[in-house]
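**Q** Next comes the structure file my_file-v7.tsv, holding TSV, C-alpha atoms (C1' of nucleotides).
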chain	number	residue	atom	x	y	z
F	264	MET	CA	0.00	0.00	0.00
F	265	SER	CA	1.96	2.97	-1.20
F	266	SER	CA	0.58	6.23	0.17
F	267	GLN	CA	-1.36	8.06	-2.54
F	268	PRO	CA	0.47	11.08	-3.93
F	269	ARG	CA	-1.17	14.47	-3.52
F	270	LYS	CA	-3.52	15.49	-6.32
F	271	LEU	CA	-1.81	17.89	-8.69
F	272	SER	CA	-3.50	21.08	-9.85
F	273	GLU	CA	-3.99	21.65	-13.58
F	274	LEU	CA	-1.05	24.02	-13.78
F	275	GLU	CA	1.17	21.65	-11.80
F	276	GLY	CA	0.25	18.76	-14.06
F	277	VAL	CA	0.96	20.69	-17.23
F	278	ALA	CA	4.25	22.05	-15.85
F	279	LEU	CA	5.33	18.54	-14.87
F	280	GLY	CA	4.32	17.31	-18.33
F	281	ILE	CA	6.42	20.00	-20.01
F	282	ILE	CA	9.43	18.91	-17.94
F	283	TYR	CA	8.67	15.31	-18.93
F	284	ASN	CA	8.55	16.17	-22.63
F	285	GLU	CA	11.64	18.36	-22.61
F	286	GLN	CA	14.67	17.06	-20.74
F	287	ASN	CA	16.78	19.79	-19.14
F	288	ALA	CA	14.13	22.48	-19.28
F	289	THR	CA	14.62	25.60	-17.17
F	290	ALA	CA	11.86	27.24	-15.14
F	291	TYR	CA	11.90	30.05	-17.66
F	292	PHE	CA	11.41	27.56	-20.49
F	293	VAL	CA	8.38	26.10	-18.71
F	294	ARG	CA	6.90	29.59	-18.39
F	295	CYS	CA	7.38	30.35	-22.08
F	296	LYS	CA	5.96	27.00	-23.13
F	297	LEU	CA	2.89	27.59	-20.97
F	298	ARG	CA	2.30	31.01	-22.47
F	299	ALA	CA	2.97	29.91	-26.04
F	300	ALA	CA	0.53	27.00	-25.89
F	301	PRO	CA	-2.52	27.61	-28.07
F	302	SER	CA	-5.61	28.53	-26.10
F	303	SER	CA	-3.95	28.30	-22.76
F	304	HIS	CA	-5.73	30.56	-20.35
F	305	TRP	CA	-2.69	30.75	-18.11
F	306	ARG	CA	-0.53	33.79	-17.72
F	307	ALA	CA	2.09	31.50	-16.22
F	308	SER	CA	3.42	34.40	-14.22
F	309	ALA	CA	6.70	34.18	-12.39
F	310	GLY	CA	4.73	34.38	-9.17
F	311	SER	CA	3.00	31.12	-9.94
F	312	VAL	CA	5.62	29.12	-11.83
F	313	TYR	CA	8.68	29.54	-9.61
F	314	PRO	CA	7.00	28.66	-6.31
F	315	LEU	CA	5.19	25.82	-8.08
F	316	LEU	CA	8.42	24.28	-9.40
F	317	ALA	CA	10.09	24.74	-6.02
F	318	ARG	CA	7.18	22.84	-4.50
F	319	LEU	CA	7.46	20.01	-7.03
F	320	GLU	CA	11.18	19.77	-6.33
F	321	GLY	CA	10.55	19.79	-2.58
F	322	GLU	CA	8.22	16.83	-3.04
F	323	GLY	CA	10.77	14.94	-5.11
F	324	LEU	CA	8.80	15.03	-8.38
F	325	VAL	CA	11.44	17.13	-10.09
F	326	SER	CA	15.20	17.35	-9.59
F	327	SER	CA	17.34	20.31	-10.58
F	328	THR	CA	20.99	20.79	-11.38
F	329	ALA	CA	22.51	24.26	-11.32
F	330	ASP	CA	25.20	25.16	-13.82
F	331	ASP	CA	27.84	26.98	-11.73
F	332	ASP	CA	29.64	28.33	-14.78
F	333	ASP	CA	26.47	29.99	-15.98
F	334	GLY	CA	26.31	33.64	-15.00
F	335	ARG	CA	22.54	33.71	-15.31
F	336	GLY	CA	22.17	31.06	-12.66
F	337	ARG	CA	20.22	28.72	-14.87
F	338	LYS	CA	18.85	25.62	-13.20
F	339	TYR	CA	18.05	22.61	-15.36
F	340	LEU	CA	15.02	20.59	-14.34
F	341	GLU	CA	14.39	16.90	-14.79
F	342	ILE	CA	11.41	14.77	-13.89
F	343	THR	CA	12.09	12.00	-11.35
F	344	LYS	CA	10.66	8.50	-11.23
F	345	LYS	CA	8.23	9.67	-8.55
F	346	GLY	CA	7.40	12.62	-10.81
F	347	ARG	CA	6.56	10.35	-13.74
F	348	ALA	CA	4.22	8.36	-11.50
F	349	ALA	CA	2.54	11.58	-10.36
F	350	LEU	CA	2.17	12.72	-13.98
F	351	ARG	CA	0.49	9.43	-14.90
F	352	SER	CA	-1.95	9.77	-11.98
F	353	TRP	CA	-2.71	13.34	-12.97
F	354	ILE	CA	-3.49	12.32	-16.55
F	355	LYS	CA	-5.76	9.48	-15.44
F	356	ALA	CA	-7.56	11.76	-12.97
F	357	GLY	CA	-8.77	13.81	-15.95
F	358	VAL	CA	-11.68	11.43	-16.45
F	359	ASP	CA	-13.32	12.92	-13.34
F	360	PRO	CA	-16.82	14.16	-14.38
F	361	ASP	CA	-15.99	17.64	-13.08
F	362	LEU	CA	-13.11	17.97	-15.50
F	363	VAL	CA	-14.93	16.41	-18.44
F	364	SER	CA	-17.68	19.02	-18.33
F	365	ALA	CA	-15.51	21.99	-17.47
F	366	THR	CA	-15.05	24.06	-20.59
F	367	ALA	CA	-15.73	27.62	-19.57
F	368	ASP	CA	-16.31	29.86	-22.56
F	369	PRO	CA	-16.72	33.60	-21.91
F	370	ALA	CA	-18.33	34.05	-25.33
F	371	ARG	CA	-20.95	31.44	-24.49
F	372	SER	CA	-21.57	32.79	-20.98
F	373	ARG	CA	-22.35	36.20	-22.39
F	374	THR	CA	-24.80	34.84	-24.93
F	375	PHE	CA	-27.27	34.03	-22.17
F	376	PHE	CA	-27.66	37.73	-21.42
F	377	LEU	CA	-27.67	39.26	-24.90
F	378	ALA	CA	-31.21	40.47	-24.19
F	379	ALA	CA	-29.60	43.22	-22.12
F	380	LEU	CA	-28.10	44.80	-25.25
F	381	SER	CA	-29.96	46.83	-27.83
F	382	LYS	CA	-30.55	45.06	-31.16
F	383	LYS	CA	-27.86	47.15	-32.78
F	384	ASP	CA	-25.34	46.45	-30.02
F	385	ARG	CA	-26.15	42.75	-30.13
F	386	VAL	CA	-25.38	42.55	-33.82
F	387	SER	CA	-22.11	44.45	-33.56
F	388	TYR	CA	-21.08	42.49	-30.46
F	389	VAL	CA	-21.46	39.21	-32.34
F	390	GLU	CA	-19.66	40.65	-35.37
F	391	ASN	CA	-16.72	41.79	-33.24
F	392	MET	CA	-16.59	38.43	-31.55
F	393	LEU	CA	-16.54	36.67	-34.93
F	394	HIS	CA	-13.64	38.79	-36.12
F	395	ALA	CA	-11.67	38.18	-32.93
F	396	MET	CA	-12.28	34.44	-33.18
F	397	GLU	CA	-11.30	34.28	-36.84
F	398	LYS	CA	-8.06	36.04	-36.06
F	399	TYR	CA	-7.37	33.62	-33.23
F	400	LEU	CA	-8.28	30.72	-35.51
F	401	ASP	CA	-5.65	31.81	-38.03
F	402	GLU	CA	-3.00	31.88	-35.31
F	403	THR	CA	-4.01	28.41	-34.21
F	404	ARG	CA	-3.74	27.09	-37.77
F	405	VAL	CA	-0.26	28.57	-38.14
F	406	HIS	CA	0.74	27.00	-34.86
F	407	LEU	CA	-0.57	23.60	-35.92
F	408	ALA	CA	1.20	23.76	-39.28
F	409	GLY	CA	4.51	24.05	-37.43
F	410	ILE	CA	4.16	20.71	-35.66
F	411	SER	CA	5.33	17.43	-37.15
F	412	GLN	CA	2.83	14.60	-36.90
F	413	LYS	CA	5.68	12.13	-37.02
F	414	ASP	CA	8.04	13.67	-34.49
F	415	ASP	CA	5.47	14.96	-32.03
F	416	LEU	CA	2.18	13.12	-32.47
F	417	PHE	CA	0.72	14.10	-29.12
F	418	GLY	CA	1.72	17.73	-29.51
F	419	TYR	CA	0.03	17.65	-32.90
F	420	LEU	CA	-3.13	16.01	-31.57
F	421	GLY	CA	-3.36	18.49	-28.69
F	422	ALA	CA	-3.00	21.47	-31.02
F	423	LEU	CA	-5.51	19.87	-33.38
F	424	GLY	CA	-7.95	19.73	-30.47
F	425	ALA	CA	-7.54	23.45	-29.89
F	426	LEU	CA	-8.19	24.08	-33.58
F	427	THR	CA	-11.30	21.93	-33.94
F	428	SER	CA	-12.70	23.31	-30.71
F	429	THR	CA	-12.27	26.87	-31.94
F	430	GLU	CA	-13.75	26.02	-35.33
F	431	ALA	CA	-16.81	24.61	-33.60
F	432	ARG	CA	-17.18	27.78	-31.52
F	433	LEU	CA	-16.95	29.87	-34.66
F	434	GLU	CA	-19.64	27.85	-36.47
F	435	TRP	CA	-21.88	28.14	-33.45
F	436	LEU	CA	-21.37	31.90	-33.28
F	437	LYS	CA	-22.27	32.20	-36.96
F	438	HIS	CA	-25.48	30.38	-36.15
F	439	VAL	CA	-26.15	32.84	-33.33
F	440	GLN	CA	-25.57	35.67	-35.79
F	441	LYS	CA	-28.14	34.25	-38.20
F	442	ARG	CA	-30.68	33.95	-35.41
F	443	LEU	CA	-30.31	37.59	-34.43
F	444	CYS	CA	-31.87	38.78	-37.70
D	207	MET	CA	-16.97	61.87	-18.93
D	208	SER	CA	-18.68	59.35	-16.66
D	209	SER	CA	-16.18	57.48	-14.51
D	210	GLN	CA	-15.68	54.00	-15.89
D	211	PRO	CA	-17.29	51.27	-13.77
D	212	ARG	CA	-15.04	48.59	-12.32
D	213	LYS	CA	-14.47	45.57	-14.54
D	214	LEU	CA	-16.62	42.67	-13.41
D	215	SER	CA	-15.20	39.18	-13.00
D	216	GLU	CA	-16.74	36.31	-15.00
D	217	LEU	CA	-18.69	35.07	-12.03
D	218	GLU	CA	-19.92	38.56	-11.18
D	219	GLY	CA	-21.06	39.13	-14.75
D	220	VAL	CA	-22.94	35.86	-14.91
D	221	ALA	CA	-24.54	36.42	-11.51
D	222	LEU	CA	-25.63	39.89	-12.54
D	223	GLY	CA	-26.99	38.46	-15.79
D	224	ILE	CA	-29.01	35.86	-13.91
D	225	ILE	CA	-30.54	38.61	-11.79
D	226	TYR	CA	-31.25	40.54	-14.99
D	227	ASN	CA	-32.98	37.55	-16.60
D	228	GLU	CA	-34.99	36.62	-13.53
D	229	GLN	CA	-36.69	39.40	-11.65
D	230	ASN	CA	-36.94	38.85	-7.88
D	231	ALA	CA	-34.29	36.14	-7.74
D	232	THR	CA	-32.84	35.24	-4.36
D	233	ALA	CA	-29.15	34.66	-3.70
D	234	TYR	CA	-29.95	30.98	-3.33
D	235	PHE	CA	-31.64	30.98	-6.73
D	236	VAL	CA	-28.54	32.51	-8.31
D	237	ARG	CA	-26.41	29.78	-6.76
D	238	CYS	CA	-28.66	27.01	-8.08
D	239	LYS	CA	-28.82	28.54	-11.52
D	240	LEU	CA	-25.04	28.78	-11.64
D	241	ARG	CA	-24.63	25.16	-10.67
D	242	ALA	CA	-27.36	23.89	-12.98
D	243	ALA	CA	-25.97	25.61	-16.05
D	244	PRO	CA	-24.55	23.15	-18.56
D	245	SER	CA	-20.77	23.02	-18.58
D	246	SER	CA	-20.36	25.64	-15.94
D	247	HIS	CA	-17.11	25.03	-14.16
D	248	TRP	CA	-18.28	26.96	-11.13
D	249	ARG	CA	-19.13	25.39	-7.83
D	250	ALA	CA	-20.93	28.62	-6.99
D	251	SER	CA	-20.28	27.98	-3.34
D	252	ALA	CA	-21.98	30.02	-0.65
D	253	GLY	CA	-18.58	31.42	0.22
D	254	SER	CA	-18.32	33.03	-3.20
D	255	VAL	CA	-21.90	33.91	-4.09
D	256	TYR	CA	-23.06	35.66	-0.91
D	257	PRO	CA	-20.09	37.99	-0.53
D	258	LEU	CA	-20.22	38.64	-4.29
D	259	LEU	CA	-23.87	39.68	-4.23
D	260	ALA	CA	-23.28	41.80	-1.14
D	261	ARG	CA	-20.49	43.52	-3.07
D	262	LEU	CA	-22.73	44.14	-6.09
D	263	GLU	CA	-25.38	45.57	-3.81
D	264	GLY	CA	-22.83	47.75	-2.04
D	265	GLU	CA	-21.84	49.17	-5.43
D	266	GLY	CA	-25.44	49.85	-6.35
D	267	LEU	CA	-25.63	47.34	-9.20
D	268	VAL	CA	-28.24	45.28	-7.39
D	269	SER	CA	-30.94	46.26	-4.94
D	270	SER	CA	-32.57	43.89	-2.48
D	271	THR	CA	-35.86	43.85	-0.63
D	272	ALA	CA	-36.30	41.61	2.40
D	273	ASP	CA	-39.67	40.02	3.03
D	274	ASP	CA	-40.26	40.54	6.76
D	275	ASP	CA	-43.08	38.03	6.88
D	276	ASP	CA	-40.81	35.34	5.51
D	277	GLY	CA	-39.37	33.17	8.27
D	278	ARG	CA	-36.46	32.06	6.08
D	279	GLY	CA	-35.27	35.60	5.71
D	280	ARG	CA	-35.41	35.54	1.94
D	281	LYS	CA	-34.08	38.61	0.19
D	282	TYR	CA	-35.27	39.35	-3.32
D	283	LEU	CA	-32.71	40.83	-5.68
D	284	GLU	CA	-33.26	43.18	-8.56
D	285	ILE	CA	-30.82	44.69	-11.02
D	286	THR	CA	-30.57	48.48	-10.94
D	287	LYS	CA	-30.12	50.88	-13.83
D	288	LYS	CA	-26.44	51.12	-12.94
D	289	GLY	CA	-26.36	47.32	-12.83
D	290	ARG	CA	-27.77	47.02	-16.35
D	291	ALA	CA	-25.10	49.40	-17.61
D	292	ALA	CA	-22.42	47.32	-15.88
D	293	LEU	CA	-23.87	44.14	-17.41
D	294	ARG	CA	-23.73	45.64	-20.89
D	295	SER	CA	-20.08	46.69	-20.37
D	296	TRP	CA	-19.24	43.22	-19.14
D	297	ILE	CA	-20.78	41.59	-22.20
D	298	LYS	CA	-18.97	43.91	-24.58
D	299	ALA	CA	-15.66	43.34	-22.76
D	300	GLY	CA	-15.88	39.68	-23.83
D	301	VAL	CA	-14.30	40.53	-27.20
D	302	ASP	CA	-10.95	40.98	-25.41
D	303	PRO	CA	-8.42	38.65	-27.13
D	304	ASP	CA	-7.63	37.02	-23.80
D	305	LEU	CA	-11.22	35.89	-23.36
D	306	VAL	CA	-11.67	34.82	-26.97
D	307	SER	CA	-8.83	32.33	-26.77
D	308	ALA	CA	-9.47	31.12	-23.25
D	309	THR	CA	-11.09	27.72	-23.46
D	310	ALA	CA	-9.21	25.55	-21.02
D	311	ASP	CA	-9.88	21.88	-21.61
D	312	PRO	CA	-8.36	19.40	-19.14
D	313	ALA	CA	-8.84	16.58	-21.66
D	314	ARG	CA	-6.84	18.47	-24.24
D	315	SER	CA	-4.12	19.52	-21.77
D	316	ARG	CA	-3.49	15.92	-20.87
D	317	THR	CA	-3.23	14.80	-24.48
D	318	PHE	CA	0.11	16.60	-24.80
D	319	PHE	CA	1.65	14.21	-22.29
D	320	LEU	CA	0.10	10.89	-23.29
D	321	ALA	CA	3.60	9.64	-24.09
D	322	ALA	CA	4.03	9.21	-20.34
D	323	LEU	CA	1.46	6.41	-20.27
D	324	SER	CA	1.99	2.86	-21.47
D	325	LYS	CA	0.27	1.99	-24.74
D	326	LYS	CA	-2.34	-0.01	-22.88
D	327	ASP	CA	-3.01	2.79	-20.39
D	328	ARG	CA	-3.24	5.32	-23.20
D	329	VAL	CA	-5.92	3.34	-24.95
D	330	SER	CA	-8.00	2.79	-21.83
D	331	TYR	CA	-7.58	6.42	-20.77
D	332	VAL	CA	-9.02	7.64	-24.07
D	333	GLU	CA	-11.80	5.07	-23.88
D	334	ASN	CA	-12.77	6.18	-20.36
D	335	MET	CA	-12.68	9.79	-21.45
D	336	LEU	CA	-14.94	9.01	-24.40
D	337	HIS	CA	-17.48	7.31	-22.15
D	338	ALA	CA	-17.46	10.18	-19.68
D	339	MET	CA	-17.93	12.70	-22.48
D	340	GLU	CA	-20.75	10.75	-24.09
D	341	LYS	CA	-22.55	10.63	-20.77
D	342	TYR	CA	-22.11	14.36	-20.33
D	343	LEU	CA	-23.25	14.92	-23.90
D	344	ASP	CA	-26.51	13.10	-23.18
D	345	GLU	CA	-27.15	15.33	-20.18
D	346	THR	CA	-26.49	18.41	-22.28
D	347	ARG	CA	-28.95	17.22	-24.94
D	348	VAL	CA	-31.63	16.64	-22.33
D	349	HIS	CA	-31.00	20.10	-20.92
D	350	LEU	CA	-31.27	21.69	-24.36
D	351	ALA	CA	-34.49	19.86	-25.15
D	352	GLY	CA	-36.11	21.51	-22.13
D	353	ILE	CA	-35.57	25.06	-23.42
D	354	SER	CA	-38.04	26.84	-25.65
D	355	GLN	CA	-36.51	28.58	-28.67
D	356	LYS	CA	-39.42	30.98	-28.71
D	357	ASP	CA	-39.63	31.92	-25.05
D	358	ASP	CA	-35.91	31.91	-24.28
D	359	LEU	CA	-33.90	32.31	-27.48
D	360	PHE	CA	-30.66	33.35	-25.78
D	361	GLY	CA	-30.91	30.59	-23.19
D	362	TYR	CA	-31.41	28.18	-26.06
D	363	LEU	CA	-28.48	29.55	-28.08
D	364	GLY	CA	-26.19	29.41	-25.06
D	365	ALA	CA	-27.09	25.82	-24.29
D	366	LEU	CA	-26.70	24.98	-27.98
D	367	GLY	CA	-23.16	26.38	-27.79
D	368	ALA	CA	-22.38	24.04	-24.91
D	369	LEU	CA	-23.73	21.11	-26.92
D	370	THR	CA	-21.90	21.80	-30.18
D	371	SER	CA	-18.68	22.49	-28.29
D	372	THR	CA	-18.92	19.16	-26.50
D	373	GLU	CA	-19.77	17.34	-29.73
D	374	ALA	CA	-16.65	18.80	-31.32
D	375	ARG	CA	-14.52	17.66	-28.41
D	376	LEU	CA	-15.97	14.17	-28.71
D	377	GLU	CA	-15.23	13.97	-32.44
D	378	TRP	CA	-11.70	15.15	-31.81
D	379	LEU	CA	-11.19	12.55	-29.09
D	380	LYS	CA	-12.42	9.82	-31.46
D	381	HIS	CA	-9.79	11.00	-33.90
D	382	VAL	CA	-7.16	10.76	-31.15
D	383	GLN	CA	-8.35	7.22	-30.44
D	384	LYS	CA	-7.90	6.24	-34.08
D	385	ARG	CA	-4.39	7.64	-34.11
D	386	LEU	CA	-3.36	5.58	-31.10
D	387	CYS	CA	-3.64	2.30	-33.01
C	205	DC	C1'	26.48	51.47	-24.51
C	206	DG	C1'	21.80	51.00	-24.29
C	207	DA	C1'	17.65	48.32	-25.32
C	208	DT	C1'	15.82	44.01	-25.33
C	209	DG	C1'	15.54	39.48	-23.85
C	210	DC	C1'	17.04	35.71	-20.54
C	211	DA	C1'	16.61	34.13	-15.89
C	212	DT	C1'	15.33	34.03	-11.10
C	213	DG	C1'	12.56	35.20	-7.46
C	214	DT	C1'	9.29	37.82	-3.68
C	215	DA	C1'	5.06	40.45	-1.73
C	216	DA	C1'	0.56	41.62	-1.81
C	217	DG	C1'	-3.84	40.88	-3.45
C	218	DC	C1'	-7.91	38.89	-5.87
C	219	DT	C1'	-11.11	35.32	-6.67
C	220	DG	C1'	-12.66	31.45	-5.81
C	221	DT	C1'	-12.91	27.05	-2.90
C	222	DT	C1'	-14.10	23.81	1.19
C	223	DA	C1'	-15.99	23.32	5.49
C	224	DC	C1'	-18.62	24.95	8.96
C	225	DA	C1'	-22.68	27.14	11.37
C	226	DT	C1'	-27.52	28.40	11.88
C	227	DG	C1'	-32.28	28.13	11.42
C	228	DA	C1'	-37.06	27.70	8.75
C	229	DT	C1'	-40.02	24.89	5.70
C	230	DT	C1'	-41.80	21.02	3.30
C	231	DG	C1'	-42.90	16.23	2.41
C	232	DC	C1'	-43.35	11.64	3.89
U	56	DG	C1'	-41.53	13.96	14.02
U	57	DC	C1'	-37.68	13.57	11.25
U	58	DA	C1'	-35.18	13.96	6.94
U	59	DA	C1'	-34.31	16.61	3.12
U	60	DT	C1'	-34.19	20.87	1.15
U	61	DC	C1'	-34.44	25.96	1.36
U	62	DA	C1'	-31.90	29.93	2.74
U	63	DT	C1'	-28.28	32.78	4.61
U	64	DG	C1'	-23.88	33.54	5.97
U	65	DT	C1'	-18.63	33.22	7.95
U	66	DA	C1'	-13.59	31.59	8.40
U	67	DA	C1'	-9.76	29.64	6.62
U	68	DC	C1'	-7.33	28.45	2.91
U	69	DA	C1'	-5.79	27.44	-2.08
U	70	DG	C1'	-4.21	28.91	-6.33
U	71	DC	C1'	-3.07	32.09	-9.39
U	72	DT	C1'	-2.43	37.05	-10.63
U	73	DT	C1'	-0.10	41.67	-10.94
U	74	DA	C1'	3.65	44.31	-9.82
U	75	DC	C1'	8.04	44.66	-8.25
U	76	DA	C1'	13.10	43.63	-7.76
U	77	DT	C1'	17.55	41.98	-9.33
U	78	DG	C1'	21.15	40.93	-12.44
U	79	DC	C1'	23.48	38.69	-16.79
U	80	DA	C1'	23.78	38.24	-21.95
U	81	DT	C1'	23.19	39.49	-26.57
U	82	DC	C1'	22.60	42.33	-30.49
U	83	DG	C1'	22.75	46.45	-33.12
Represent the supplied structure as structure tokens.
**A**
Amino acid sequence: MSSQPRKLSELEGVALGIIYNEQNATAYFVRCKLRAAPSSHWRASAGSVYPLLARLEGEGLVSSTADDDDGRGRKYLEITKKGRAALRSWIKAGVDPDLVSATADPARSRTFFLAALSKKDRVSYVENMLHAMEKYLDETRVHLAGISQKDDLFGYLGALGALTSTEARLEWLKHVQKRLC
Amino acid sequence: MSSQPRKLSELEGVALGIIYNEQNATAYFVRCKLRAAPSSHWRASAGSVYPLLARLEGEGLVSSTADDDDGRGRKYLEITKKGRAALRSWIKAGVDPDLVSATADPARSRTFFLAALSKKDRVSYVENMLHAMEKYLDETRVHLAGISQKDDLFGYLGALGALTSTEARLEWLKHVQKRLC
DNA sequence: CGATGCATGTAAGCTGTTACATGATTGC
DNA sequence: GCAATCATGTAACAGCTTACATGCATCG
């Protein structure tokens, strides 16, 4: 009976996963990766990432080696055996009903209250939203095009998920637009 | 030059919208509505909703009338003119690029790190996820069927957005499943 | 040689959560 | 009459944010 490891938060899980995917990542690298990810809602601020990684290291999920010759004081992170086990648990815990249903969408939330806007404002709100989404969609497509299906299948599939999800939102919003007339 | 009202948080905006949609709602009603909404990731705990509504009332966005005859101490909430203006600003602020891109999906996040699982575990993880999503999809369909397109167009459109978004996620996950073989 | 980017970290605050506490009402 | 639900609220804490602080490296 090994004692169950603590449940990781979403950000912790993703950070650990990034360290798993990239050997010898630095904390800074993890931050950039988090921010660059398509449709990530995280700011991945220094104030969250550094304490988080220190915590993971304190719990033995990550080990770090400092390069003394490096003036910038870079520390290279590596996932430990215990860390890999924690990552696997975190992935499997995603099937929890709470997490399956949880896709908060600010555009959708606002739709419920469109009655509060004048007809004119409603129409231009939806138009603006469509433009913003289309722009974001383009970025997502560019991002996806840069990933090799052979070399990084899971990275590709994840990015593909972001794309299809955004496409679906766009189609839905176009339907909303039609209904406003 | 009217002084700009404070930016509302997502939960504040939705709560205010619920009070807008339903005249004479109680705080308890707002909580239930928040929890019942399809694909809402909010727990809408007492610890968040009551202080939040008190704050909105303190700022004059909501007014309340207590029924003295009511033993339960119910307080009926109503949106004020100032509140309606704040609601409109909140809706329009949704076009912000940050909010357009922000659709966090725990299922998608985990996909990036599926390499950490054994082949067998990968397959059963995706299968479990598919089952959980299909179950959730059924619930969403039932929910949508109970809304009248005539009487509550925006409620219908919002719920439809939740449905189509979930359907897209499901299709994507089926694609992931195919790619695992 | 100055701006930008790399790299680490801390302090304070916001927004939400869980867990608790209290009491009235309704349905069986 | 007792359980479940209605209804309000508080205290403590979790998790992430913004804003700040520091210093090295690289490029034009």
**Q** Excluding DC71 in chain U and any residue of its chain fewer than 4 positions from it, enumerate the residues within 12 Å of it, using all atoms listed in the file, and give them as a ChimeraX atom specification.
**A** /F:272-275,304-312,314-315 /C:217-220
**Q** Taking (-10.5, 35.9, -31.4) in the file's coordinates as the center, which residues reach within 10 Å of it, counting only C-alpha atoms (C1' of nucleotides), put as a VMD selection string?
**A** (chain F and resid 391 to 402 429 433) or (chain D and resid 301 to 308)
**Q** Restrict the distance test to all atoms listed in the file, flag each residue of chain F within 7 Å of chain D, and return the flagged residues as a JSON list (two decimals) with C-alpha atoms, in the coordinates of the input.
**A**
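The result, written out as result09.json:
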[["chain", "number", "residue", "atom", "x", "y", "z"],
["F", 277, "VAL", "CA", 0.96, 20.69, -17.23],
["F", 280, "GLY", "CA", 4.32, 17.31, -18.33],
["F", 302, "SER", "CA", -5.61, 28.53, -26.10],
["F", 303, "SER", "CA", -3.95, 28.30, -22.76],
["F", 304, "HIS", "CA", -5.73, 30.56, -20.35],
["F", 351, "ARG", "CA", 0.49, 9.43, -14.90],
["F", 354, "ILE", "CA", -3.49, 12.32, -16.55],
["F", 355, "LYS", "CA", -5.76, 9.48, -15.44],
["F", 357, "GLY", "CA", -8.77, 13.81, -15.95],
["F", 358, "VAL", "CA", -11.68, 11.43, -16.45],
["F", 360, "PRO", "CA", -16.82, 14.16, -14.38],
["F", 362, "LEU", "CA", -13.11, 17.97, -15.50],
["F", 363, "VAL", "CA", -14.93, 16.41, -18.44],
["F", 364, "SER", "CA", -17.68, 19.02, -18.33],
["F", 365, "ALA", "CA", -15.51, 21.99, -17.47],
["F", 366, "THR", "CA", -15.05, 24.06, -20.59],
["F", 367, "ALA", "CA", -15.73, 27.62, -19.57],
["F", 368, "ASP", "CA", -16.31, 29.86, -22.56],
["F", 369, "PRO", "CA", -16.72, 33.60, -21.91],
["F", 370, "ALA", "CA", -18.33, 34.05, -25.33],
["F", 371, "ARG", "CA", -20.95, 31.44, -24.49],
["F", 372, "SER", "CA", -21.57, 32.79, -20.98],
["F", 373, "ARG", "CA", -22.35, 36.20, -22.39],
["F", 374, "THR", "CA", -24.80, 34.84, -24.93],
["F", 375, "PHE", "CA", -27.27, 34.03, -22.17],
["F", 376, "PHE", "CA", -27.66, 37.73, -21.42],
["F", 377, "LEU", "CA", -27.67, 39.26, -24.90],
["F", 379, "ALA", "CA", -29.60, 43.22, -22.12],
["F", 380, "LEU", "CA", -28.10, 44.80, -25.25],
["F", 388, "TYR", "CA", -21.08, 42.49, -30.46],
["F", 391, "ASN", "CA", -16.72, 41.79, -33.24],
["F", 392, "MET", "CA", -16.59, 38.43, -31.55],
["F", 395, "ALA", "CA", -11.67, 38.18, -32.93],
["F", 396, "MET", "CA", -12.28, 34.44, -33.18],
["F", 399, "TYR", "CA", -7.37, 33.62, -33.23],
["F", 417, "PHE", "CA", 0.72, 14.10, -29.12],
["F", 418, "GLY", "CA", 1.72, 17.73, -29.51],
["F", 420, "LEU", "CA", -3.13, 16.01, -31.57],
["F", 421, "GLY", "CA", -3.36, 18.49, -28.69],
["F", 424, "GLY", "CA", -7.95, 19.73, -30.47],
["F", 427, "THR", "CA", -11.30, 21.93, -33.94],
["F", 428, "SER", "CA", -12.70, 23.31, -30.71],
["F", 431, "ALA", "CA", -16.81, 24.61, -33.60],
["F", 432, "ARG", "CA", -17.18, 27.78, -31.52],
["F", 435, "TRP", "CA", -21.88, 28.14, -33.45],
["F", 439, "VAL", "CA", -26.15, 32.84, -33.33]]
**Q** CA of Gly266 in chain D and CA of Pro211 in chain D are how many Å apart?
**A** 11.1 Å
**Q** Could the residues of chain F within 8 Å of chain C, counting only C-alpha atoms (C1' of nucleotides), be given as a list in words, please?
**A**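 Within 8 Å of chain C on chain F, we get Tyr291, Ala309, Gly310, Tyr313, Arg335, Gly336 and Arg337 of chain F.
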**Q** Quick one: pull the distance between CA of Lys344 in chain F and CA of Cys295 in chain F, Å, one decimal.
**A** 24.6 Å
**Q** Quick one: pull the distance between CA of Tyr339 in chain F and CA of Leu324 in chain F, Å, one decimal.
**A**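 These atoms are spaced 13.8 Å apart.
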**Q** For the contact check between chain U and chain D, emit one row per residue of chain U within 9 Å, containing the shortest atom pair and the distance in Å rounded to one decimal, counting all atoms listed in the file, chain then rising number order, as JSON lines.
**A**
{"residue": "U:DC61", "atom": "C1'", "partner": "D:Arg278", "partner_atom": "CA", "distance": 8.0}
{"residue": "U:DA62", "atom": "C1'", "partner": "D:Arg278", "partner_atom": "CA", "distance": 6.0}
{"residue": "U:DT63", "atom": "C1'", "partner": "D:Gly279", "partner_atom": "CA", "distance": 7.6}
{"residue": "U:DG64", "atom": "C1'", "partner": "D:Tyr256", "partner_atom": "CA", "distance": 7.2}
{"residue": "U:DT65", "atom": "C1'", "partner": "D:Gly253", "partner_atom": "CA", "distance": 7.9}
